[in-house]
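Containing compact mmCIF, C-alpha atoms: my_file.txt.
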# COMPACT_ATOMS: atom_id res chain seq x y z
CA MET A 1 -66.54 63.44 -6.53
CA ILE A 2 -65.99 66.90 -5.11
CA THR A 3 -63.96 69.56 -6.90
CA GLU A 4 -60.18 69.83 -6.60
CA ALA A 5 -60.59 73.02 -4.57
CA GLN A 6 -62.98 71.27 -2.14
CA PHE A 7 -60.60 68.33 -1.88
CA GLN A 8 -57.65 70.60 -1.10
CA THR A 9 -59.70 72.28 1.61
CA GLU A 10 -60.24 68.85 3.18
CA ILE A 11 -56.49 68.15 3.05
CA ASP A 12 -55.73 71.52 4.66
CA ARG A 13 -58.18 70.75 7.46
CA ILE A 14 -56.62 67.35 8.08
CA ILE A 15 -53.16 68.88 8.38
CA GLU A 16 -54.37 71.71 10.60
CA ASN A 17 -56.19 69.31 12.91
CA ALA A 18 -53.27 66.85 12.98
CA ILE A 19 -50.89 69.61 14.10
CA ARG A 20 -53.37 70.79 16.73
CA GLU A 21 -53.86 67.27 18.00
CA ASP A 22 -50.20 66.23 18.09
CA VAL A 23 -48.30 69.42 18.85
CA GLY A 24 -50.68 71.42 21.02
CA ASP A 25 -48.74 74.21 22.76
CA GLY A 26 -45.38 72.77 21.75
CA ASP A 27 -43.17 69.71 21.22
CA HIS A 28 -41.65 69.95 24.68
CA SER A 29 -39.40 66.90 24.17
CA SER A 30 -37.57 68.71 21.37
CA LEU A 31 -37.78 72.13 22.97
CA ALA A 32 -36.17 70.73 26.10
CA CYS A 33 -33.04 69.26 24.55
CA ILE A 34 -32.52 70.59 21.00
CA PRO A 35 -31.46 74.19 20.39
CA LYS A 36 -33.77 76.28 18.24
CA SER A 37 -30.87 77.02 15.89
CA ALA A 38 -29.96 73.33 15.39
CA LYS A 39 -30.11 72.04 11.82
CA GLY A 40 -30.56 68.45 10.81
CA LYS A 41 -31.43 66.02 8.03
CA ALA A 42 -33.61 62.91 8.02
CA LYS A 43 -34.63 60.23 5.54
CA LEU A 44 -37.93 58.46 5.04
CA LEU A 45 -36.94 54.80 5.14
CA VAL A 46 -39.12 52.08 3.61
CA LYS A 47 -39.12 48.92 5.73
CA GLU A 48 -41.65 46.83 3.80
CA ASP A 49 -42.35 46.03 0.15
CA GLY A 50 -45.40 47.76 -1.32
CA ILE A 51 -46.66 50.91 -3.02
CA ILE A 52 -45.57 54.27 -1.61
CA ALA A 53 -48.25 56.90 -1.08
CA GLY A 54 -48.39 60.21 0.74
CA ILE A 55 -45.23 61.89 -0.57
CA ASP A 56 -47.20 64.91 -1.77
CA PHE A 57 -49.14 64.99 1.49
CA ALA A 58 -45.88 64.91 3.47
CA MET A 59 -44.61 67.87 1.47
CA GLN A 60 -47.68 69.85 2.50
CA VAL A 61 -47.26 68.87 6.16
CA PHE A 62 -43.61 69.94 6.24
CA ALA A 63 -44.48 73.21 4.49
CA GLN A 64 -47.22 73.92 7.03
CA VAL A 65 -44.96 73.16 10.00
CA ASP A 66 -41.99 75.10 8.64
CA GLY A 67 -41.83 76.72 5.22
CA ASN A 68 -38.03 76.68 5.34
CA LEU A 69 -37.70 72.90 5.40
CA GLU A 70 -36.23 71.47 2.19
CA LEU A 71 -37.20 68.14 0.66
CA GLU A 72 -35.31 65.96 -1.79
CA ILE A 73 -37.82 63.56 -3.34
CA CYS A 74 -36.36 60.21 -4.37
CA ILE A 75 -39.52 58.22 -5.10
CA THR A 76 -42.88 59.53 -6.34
CA ASP A 77 -46.36 58.56 -5.17
CA GLY A 78 -47.62 55.31 -6.65
CA SER A 79 -44.17 53.78 -7.17
CA PRO A 80 -43.43 50.21 -6.11
CA VAL A 81 -40.93 50.13 -3.23
CA THR A 82 -38.88 47.50 -1.45
CA TYR A 83 -37.25 47.23 1.95
CA GLY A 84 -34.40 49.72 2.29
CA ASP A 85 -35.62 52.26 -0.26
CA ILE A 86 -35.42 55.93 0.69
CA ALA A 87 -38.50 57.91 -0.33
CA PHE A 88 -37.16 61.37 0.49
CA TYR A 89 -34.75 63.43 2.54
CA VAL A 90 -35.88 66.43 4.60
CA SER A 91 -33.45 69.01 5.95
CA GLY A 92 -33.66 72.17 8.02
CA SER A 93 -34.63 72.93 11.60
CA SER A 94 -34.25 69.80 13.73
CA GLN A 95 -37.14 70.92 15.92
CA SER A 96 -39.41 71.31 12.88
CA ILE A 97 -38.50 67.92 11.44
CA LEU A 98 -39.36 66.24 14.75
CA LYS A 99 -42.58 68.23 15.06
CA ALA A 100 -43.81 66.95 11.68
CA GLU A 101 -42.42 63.41 11.99
CA ARG A 102 -45.37 61.54 13.49
CA ILE A 103 -47.99 63.29 11.37
CA VAL A 104 -46.09 62.40 8.21
CA LEU A 105 -45.49 58.80 9.26
CA ASN A 106 -49.04 58.13 10.45
CA ALA A 107 -50.48 59.41 7.18
CA MET A 108 -47.96 57.79 4.85
CA GLN A 109 -48.10 54.41 6.56
CA ARG A 110 -51.88 54.25 6.15
CA MET A 111 -51.94 55.78 2.67
CA SER A 112 -49.28 53.35 1.45
CA ALA A 113 -51.21 50.37 2.82
CA ILE A 114 -54.38 51.52 1.07
CA ALA A 115 -52.54 52.20 -2.19
CA ALA A 116 -50.95 48.74 -2.07
CA LYS A 117 -54.26 46.97 -1.43
CA THR A 118 -55.95 48.98 -4.18
CA ASN A 119 -53.15 48.14 -6.59
CA THR A 120 -53.63 44.45 -5.86
CA PHE A 121 -57.30 44.74 -6.85
CA VAL A 122 -56.41 46.75 -9.96
CA LYS A 123 -54.05 44.00 -11.12
CA LEU A 124 -56.74 41.36 -10.54
CA LEU A 125 -59.10 43.38 -12.78
CA LYS A 126 -56.60 43.88 -15.59
CA GLY A 127 -58.11 43.22 -19.00
CA THR A 128 -61.74 43.13 -17.82
CA GLY A 129 -62.71 46.78 -18.31
CA THR A 130 -64.04 46.90 -14.75
CA GLN A 131 -62.76 49.57 -12.36
CA ILE A 132 -62.39 49.36 -8.59
CA LEU A 133 -64.13 51.95 -6.42
CA ASP A 134 -63.73 52.91 -2.78
CA THR A 135 -66.65 53.66 -0.44
CA ARG A 136 -67.52 55.93 2.51
CA LYS A 137 -66.20 53.26 4.90
CA THR A 138 -63.27 55.44 5.85
CA THR A 139 -61.63 56.64 9.06
CA PRO A 140 -63.54 59.66 10.45
CA GLY A 141 -61.61 62.86 9.92
CA ILE A 142 -59.10 61.59 7.33
CA ARG A 143 -61.36 60.48 4.47
CA ALA A 144 -59.60 62.74 1.98
CA ILE A 145 -56.17 61.15 2.37
CA GLU A 146 -57.63 57.65 2.30
CA LYS A 147 -59.48 58.33 -0.93
CA TRP A 148 -56.35 60.03 -2.28
CA ALA A 149 -54.44 56.82 -1.55
CA VAL A 150 -56.99 54.79 -3.53
CA LYS A 151 -56.34 57.00 -6.56
CA ILE A 152 -52.58 56.64 -6.09
CA GLY A 153 -53.02 52.87 -6.08
CA GLY A 154 -54.83 52.98 -9.42
CA GLY A 155 -58.43 52.86 -8.21
CA GLU A 156 -61.28 55.31 -8.65
CA ASN A 157 -63.20 57.31 -6.08
CA HIS A 158 -66.90 56.77 -5.39
CA ARG A 159 -68.84 59.73 -4.01
CA PHE A 160 -66.89 61.66 -1.41
CA ALA A 161 -69.70 62.12 1.06
CA LEU A 162 -73.47 62.35 1.43
CA TYR A 163 -73.63 65.70 -0.32
CA ASP A 164 -72.07 65.08 -3.75
CA MET A 165 -74.25 62.25 -5.07
CA ILE A 166 -77.67 60.68 -4.52
CA MET A 167 -77.43 57.03 -3.52
CA LEU A 168 -80.74 55.32 -2.81
CA LYS A 169 -79.93 52.20 -0.79
CA ASP A 170 -82.20 49.62 0.80
CA ASN A 171 -83.15 51.71 3.84
CA HIS A 172 -83.92 54.79 1.75
CA ILE A 173 -86.11 52.68 -0.50
CA ASP A 174 -87.95 51.00 2.37
CA PHE A 175 -88.49 54.26 4.26
CA ALA A 176 -89.73 55.98 1.08
CA GLY A 177 -92.27 53.25 0.32
CA GLY A 178 -90.53 51.48 -2.54
CA ILE A 179 -88.11 52.01 -5.40
CA THR A 180 -90.36 53.99 -7.73
CA LYS A 181 -91.54 56.30 -4.97
CA ALA A 182 -87.98 56.86 -3.80
CA ILE A 183 -86.85 57.79 -7.31
CA GLN A 184 -89.84 60.07 -7.93
CA LYS A 185 -89.34 61.88 -4.62
CA THR A 186 -85.62 62.24 -5.36
CA LYS A 187 -86.23 63.80 -8.75
CA ARG A 188 -88.70 66.27 -7.25
CA TYR A 189 -86.21 67.14 -4.53
CA LEU A 190 -83.43 67.79 -7.03
CA LYS A 191 -85.72 69.97 -9.13
CA ASN A 192 -87.08 71.93 -6.17
CA THR A 193 -83.62 72.54 -4.72
CA ASP A 194 -81.98 73.20 -8.12
CA ARG A 195 -79.34 70.53 -7.58
CA ASP A 196 -77.60 68.54 -10.30
CA LEU A 197 -76.56 65.27 -8.65
CA ASN A 198 -76.16 61.82 -10.17
CA ILE A 199 -78.57 59.16 -8.90
CA ILE A 200 -77.46 55.65 -7.98
CA VAL A 201 -80.10 53.11 -6.96
CA GLU A 202 -79.40 49.85 -5.15
CA ALA A 203 -81.11 46.65 -6.26
CA ARG A 204 -81.48 43.58 -4.06
CA ASN A 205 -82.84 41.23 -6.73
CA LEU A 206 -83.67 41.03 -10.44
CA ASP A 207 -87.24 42.24 -9.91
CA GLU A 208 -85.88 45.44 -8.41
CA ILE A 209 -83.53 45.81 -11.39
CA MET A 210 -86.58 45.73 -13.67
CA GLU A 211 -88.42 48.30 -11.55
CA ILE A 212 -85.43 50.68 -11.53
CA LEU A 213 -85.20 50.45 -15.33
CA GLU A 214 -88.76 51.79 -15.60
CA SER A 215 -87.45 55.18 -14.41
CA GLU A 216 -85.33 57.43 -16.58
CA GLY A 217 -82.30 59.42 -15.54
CA ILE A 218 -80.60 56.83 -13.34
CA TYR A 219 -76.82 57.19 -13.46
CA ARG A 220 -75.85 53.80 -12.07
CA ILE A 221 -77.50 50.70 -10.63
CA LEU A 222 -75.84 49.11 -7.61
CA ILE A 223 -76.11 45.33 -7.96
CA ASP A 224 -75.74 44.46 -4.29
CA ASN A 225 -74.97 41.00 -2.90
CA PHE A 226 -75.89 39.16 -6.11
CA ASN A 227 -74.34 35.82 -7.03
CA TYR A 228 -72.43 35.46 -10.30
CA GLU A 229 -75.34 34.12 -12.33
CA ASP A 230 -77.76 36.83 -11.25
CA THR A 231 -75.10 39.50 -11.74
CA ARG A 232 -74.70 38.41 -15.37
CA LYS A 233 -78.49 38.49 -15.81
CA ALA A 234 -78.65 41.95 -14.25
CA VAL A 235 -75.96 43.29 -16.59
CA GLU A 236 -77.86 41.87 -19.58
CA LEU A 237 -81.12 43.44 -18.41
CA ILE A 238 -79.52 46.85 -17.82
CA GLY A 239 -77.61 46.88 -21.11
CA ASN A 240 -76.70 50.44 -22.05
CA SER A 241 -79.46 52.03 -19.97
CA CYS A 242 -76.98 53.10 -17.28
CA LEU A 243 -73.74 52.12 -15.60
CA THR A 244 -73.46 49.09 -13.33
CA GLU A 245 -71.71 48.51 -10.01
CA SER A 246 -71.30 45.32 -8.00
CA SER A 247 -70.79 45.35 -4.25
CA GLY A 248 -71.21 43.24 -1.14
CA GLY A 249 -68.31 41.35 0.39
CA ILE A 250 -66.30 41.10 -2.83
CA ASP A 251 -62.66 40.30 -2.10
CA GLU A 252 -59.46 39.16 -3.83
CA THR A 253 -60.85 35.66 -4.34
CA THR A 254 -64.08 36.75 -6.06
CA ILE A 255 -63.40 40.12 -7.68
CA ARG A 256 -62.25 38.72 -11.02
CA LYS A 257 -65.35 36.55 -11.41
CA TYR A 258 -67.66 39.50 -10.71
CA ALA A 259 -65.75 41.62 -13.21
CA GLU A 260 -66.17 38.90 -15.82
CA CYS A 261 -69.94 39.28 -15.38
CA GLY A 262 -69.55 42.59 -17.24
CA VAL A 263 -70.07 45.23 -14.55
CA ASP A 264 -68.54 48.66 -15.03
CA TYR A 265 -67.46 49.06 -11.41
CA ILE A 266 -66.85 47.03 -8.28
CA SER A 267 -66.90 48.88 -4.96
CA SER A 268 -65.05 47.62 -1.91
CA GLY A 269 -65.00 49.03 1.59
CA ALA A 270 -62.03 46.77 2.34
CA LEU A 271 -59.74 49.14 0.43
CA THR A 272 -59.90 51.55 3.34
CA HIS A 273 -61.26 49.71 6.38
CA SER A 274 -59.24 46.49 6.26
CA VAL A 275 -55.58 47.40 5.84
CA TYR A 276 -52.50 47.15 8.03
CA ASN A 277 -50.21 50.16 7.99
CA MET A 278 -47.06 49.87 5.92
CA ASP A 279 -43.81 49.96 7.91
CA LEU A 280 -42.01 53.28 7.35
CA SER A 281 -39.72 55.31 9.56
CA LEU A 282 -38.06 58.72 9.59
CA LYS A 283 -34.41 58.42 10.58
CA ALA A 284 -31.85 61.12 11.28
CA VAL A 285 -28.99 61.13 8.80
Target format structure tokens, applied to this file:
Amino acid sequence: MITEAQFQTEIDRIIENAIREDVGDGDHSSLACIPKSAKGKAKLLVKEDGIIAGIDFAMQVFAQVDGNLELEICITDGSPVTYGDIAFYVSGSSQSILKAERIVLNAMQRMSAIAAKTNTFVKLLKGTGTQILDTRKTTPGIRAIEKWAVKIGGGENHRFALYDMIMLKDNHIDFAGGITKAIQKTKRYLKNTDRDLNIIVEARNLDEIMEILESEGIYRILIDNFNYEDTRKAVELIGNSCLTESSGGIDETTIRKYAECGVDYISSGALTHSVYNMDLSLKAV
């Protein structure tokens, strides 16, 4: 993953772009009927059971919109919540609260849904030693908050983007002329460009597992779309040579069985691309 500083830069960009997109040259609905001097207070109301996520993000949004807004945090990120819970209160300029409202809600509703789904997977993996990973199957422009939500839900982050890890998948391998050639070319590239990036290589069958193991310096092997039996065989073949990761349509009904095959990680795009936003609202007090 990228550094904390890089991650914060991504968050800052998301907030900046969200304000540009939603506010433009002004919130004319509020400007038209609410005096600039008006003060108000609102609460973030939970309207669905789940895992709350995005409290810290909301704090940053409010601070960016108006540094004088004050927040009273009642529930922290990652906490289980039920209908009727109040996550926080925000007080200050009524215009500023309304300006930030939709940005905060849009982000928190999606982040909470992702955190809840991730937490469900984490519970299914309990006791196996296998960790759940996200993927790059995220919403364009808001990847950082979606991956942040996975962490809040108890999962782990895969690579952030194309630039922070080498991942040789089927198309890379086929275009490069095979697994060994792809790995050799990758190592030369890293040496010539003075880059220190972990290398993950995807395997489509047990023969490819064997070929990958002939090369040194592989960080993780992606055991993609294997059945349970072949996954167990792959884990046995790999042993302690490198880390292992299963992927390919794994869901709540199959994740435990794949974990019991002994893989270190299971990656799932569904954590971020197949969720329904959690019901939250910001109500004036």
So that I can check the surroundings of segment 244-252 of chain A, please list as a list in words every protein, DNA and RNA residue that reaches within 6 Å of it, counting all atoms listed in the file and ignoring chain neighbours fewer than 2 positions away.
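Listing them by chain and then by number gives Arg220, Ile221, Leu222, Ile223, Asp224, Asn225, Thr254, Ile255, Val263, Asp264, Tyr265, Ile266 and Ser267 of chain A.
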Nearest residue to Lys126 of chain A from the set A:Ala259, A:Ile212, A:Ala87, A:Val285 (distances using all atoms listed in the file)
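Smallest distance to Lys126 of chain A is found for A:Ala259.
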For Ala115 of chain A, which of A:Asp279, A:Asp77, A:Glu48, A:Asp85 is the closest residue, counting all atoms listed in the file?
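Using all atoms listed in the file, the shortest distance to Ala115 of chain A belongs to A:Asp77.
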Find the spatial neighbours of segment 165-181 of chain A, counting only C-alpha atoms, within a cut-off of 10 Å - ignore same-chain residues fewer than 3 positions away - and output them as a ChimeraX atom specification.
/A:1-2,158-162,184-187,190,196-204,208-209,211-215,219-222,224
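Across A:Ile75, A:Ile142, A:Val46, A:Met108, the tightest approach to Ile14 of chain A is made by A:Ile142 when counting all atoms listed in the file.
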Point-to-point distance from atom CA of Leu45 of chain A to atom CA of Gly84 of chain A, Å rounded to tenths
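One can read the atom CA of Leu45 of chain A to atom CA of Gly84 of chain A distance as 6.4 Å.
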May I have the protein, DNA and RNA residues with any atom at most 9 Å from the point (-46.5, 69.2, 17.2), counting only C-alpha atoms, written as number ranges by chain?
A: 18-28, 65, 96, 98-103
Would you give me, as JSON lines, each residue of segment 134-246 of chain A having an atom within 9 Å of an atom of segment 109-113 of chain A, along with its shortest atom pair and that distance in Å to one decimal, using only C-alpha atoms and sorting by chain and residue number?
{"residue": "A:Ile145", "atom": "CA", "partner": "A:Met111", "partner_atom": "CA", "distance": 6.8}
{"residue": "A:Glu146", "atom": "CA", "partner": "A:Met111", "partner_atom": "CA", "distance": 6.0}
{"residue": "A:Lys147", "atom": "CA", "partner": "A:Met111", "partner_atom": "CA", "distance": 8.7}
{"residue": "A:Trp148", "atom": "CA", "partner": "A:Met111", "partner_atom": "CA", "distance": 7.9}
{"residue": "A:Ala149", "atom": "CA", "partner": "A:Met111", "partner_atom": "CA", "distance": 5.0}
{"residue": "A:Val150", "atom": "CA", "partner": "A:Met111", "partner_atom": "CA", "distance": 8.1}
{"residue": "A:Ile152", "atom": "CA", "partner": "A:Met111", "partner_atom": "CA", "distance": 8.8}
{"residue": "A:Gly153", "atom": "CA", "partner": "A:Ser112", "partner_atom": "CA", "distance": 8.4}
Distance in Å - atom CA of Asp12 of chain A versus atom CA of Gln60 of chain A
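That distance, rounded to one decimal, is 8.5 Å.
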All residues 12 Å or closer to Lys117 of chain A, only C-alpha atoms, same chain fewer than 3 positions away omitted, as number ranges by chain:
A: 50-53, 78, 110-114, 120-124, 132, 134, 146, 149-155, 251-252, 268-278
Once you have the residues from the selection above, write them out as a PDB file, in the frame of the given file, restricted to C-alpha atoms.
ATOM      1  CA  GLY A  50     -45.400  47.760  -1.320  1.00  0.00           C
ATOM      2  CA  ILE A  51     -46.660  50.910  -3.020  1.00  0.00           C
ATOM      3  CA  ILE A  52     -45.570  54.270  -1.610  1.00  0.00           C
ATOM      4  CA  ALA A  53     -48.250  56.900  -1.080  1.00  0.00           C
ATOM      5  CA  GLY A  78     -47.620  55.310  -6.650  1.00  0.00           C
ATOM      6  CA  ARG A 110     -51.880  54.250   6.150  1.00  0.00           C
ATOM      7  CA  MET A 111     -51.940  55.780   2.670  1.00  0.00           C
ATOM      8  CA  SER A 112     -49.280  53.350   1.450  1.00  0.00           C
ATOM      9  CA  ALA A 113     -51.210  50.370   2.820  1.00  0.00           C
ATOM     10  CA  ILE A 114     -54.380  51.520   1.070  1.00  0.00           C
ATOM     11  CA  THR A 120     -53.630  44.450  -5.860  1.00  0.00           C
ATOM     12  CA  PHE A 121     -57.300  44.740  -6.850  1.00  0.00           C
ATOM     13  CA  VAL A 122     -56.410  46.750  -9.960  1.00  0.00           C
ATOM     14  CA  LYS A 123     -54.050  44.000 -11.120  1.00  0.00           C
ATOM     15  CA  LEU A 124     -56.740  41.360 -10.540  1.00  0.00           C
ATOM     16  CA  ILE A 132     -62.390  49.360  -8.590  1.00  0.00           C
ATOM     17  CA  ASP A 134     -63.730  52.910  -2.780  1.00  0.00           C
ATOM     18  CA  GLU A 146     -57.630  57.650   2.300  1.00  0.00           C
ATOM     19  CA  ALA A 149     -54.440  56.820  -1.550  1.00  0.00           C
ATOM     20  CA  VAL A 150     -56.990  54.790  -3.530  1.00  0.00           C
ATOM     21  CA  LYS A 151     -56.340  57.000  -6.560  1.00  0.00           C
ATOM     22  CA  ILE A 152     -52.580  56.640  -6.090  1.00  0.00           C
ATOM     23  CA  GLY A 153     -53.020  52.870  -6.080  1.00  0.00           C
ATOM     24  CA  GLY A 154     -54.830  52.980  -9.420  1.00  0.00           C
ATOM     25  CA  GLY A 155     -58.430  52.860  -8.210  1.00  0.00           C
ATOM     26  CA  ASP A 251     -62.660  40.300  -2.100  1.00  0.00           C
ATOM     27  CA  GLU A 252     -59.460  39.160  -3.830  1.00  0.00           C
ATOM     28  CA  SER A 268     -65.050  47.620  -1.910  1.00  0.00           C
ATOM     29  CA  GLY A 269     -65.000  49.030   1.590  1.00  0.00           C
ATOM     30  CA  ALA A 270     -62.030  46.770   2.340  1.00  0.00           C
ATOM     31  CA  LEU A 271     -59.740  49.140   0.430  1.00  0.00           C
ATOM     32  CA  THR A 272     -59.900  51.550   3.340  1.00  0.00           C
ATOM     33  CA  HIS A 273     -61.260  49.710   6.380  1.00  0.00           C
ATOM     34  CA  SER A 274     -59.240  46.490   6.260  1.00  0.00           C
ATOM     35  CA  VAL A 275     -55.580  47.400   5.840  1.00  0.00           C
ATOM     36  CA  TYR A 276     -52.500  47.150   8.030  1.00  0.00           C
ATOM     37  CA  ASN A 277     -50.210  50.160   7.990  1.00  0.00           C
ATOM     38  CA  MET A 278     -47.060  49.870   5.920  1.00  0.00           C
TER      39      MET A 278
END
How many Å lie between atom CA of Gly54 of chain A and atom CA of Thr76 of chain A, rounded to one decimal?
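A separation of 9.0 Å between them.
With distances taken over all atoms listed in the file, A:Asn119 is the one residue among A:Gly67, A:Asn119, A:Ala42, A:Gly92 lying closest to Ser79 of chain A.
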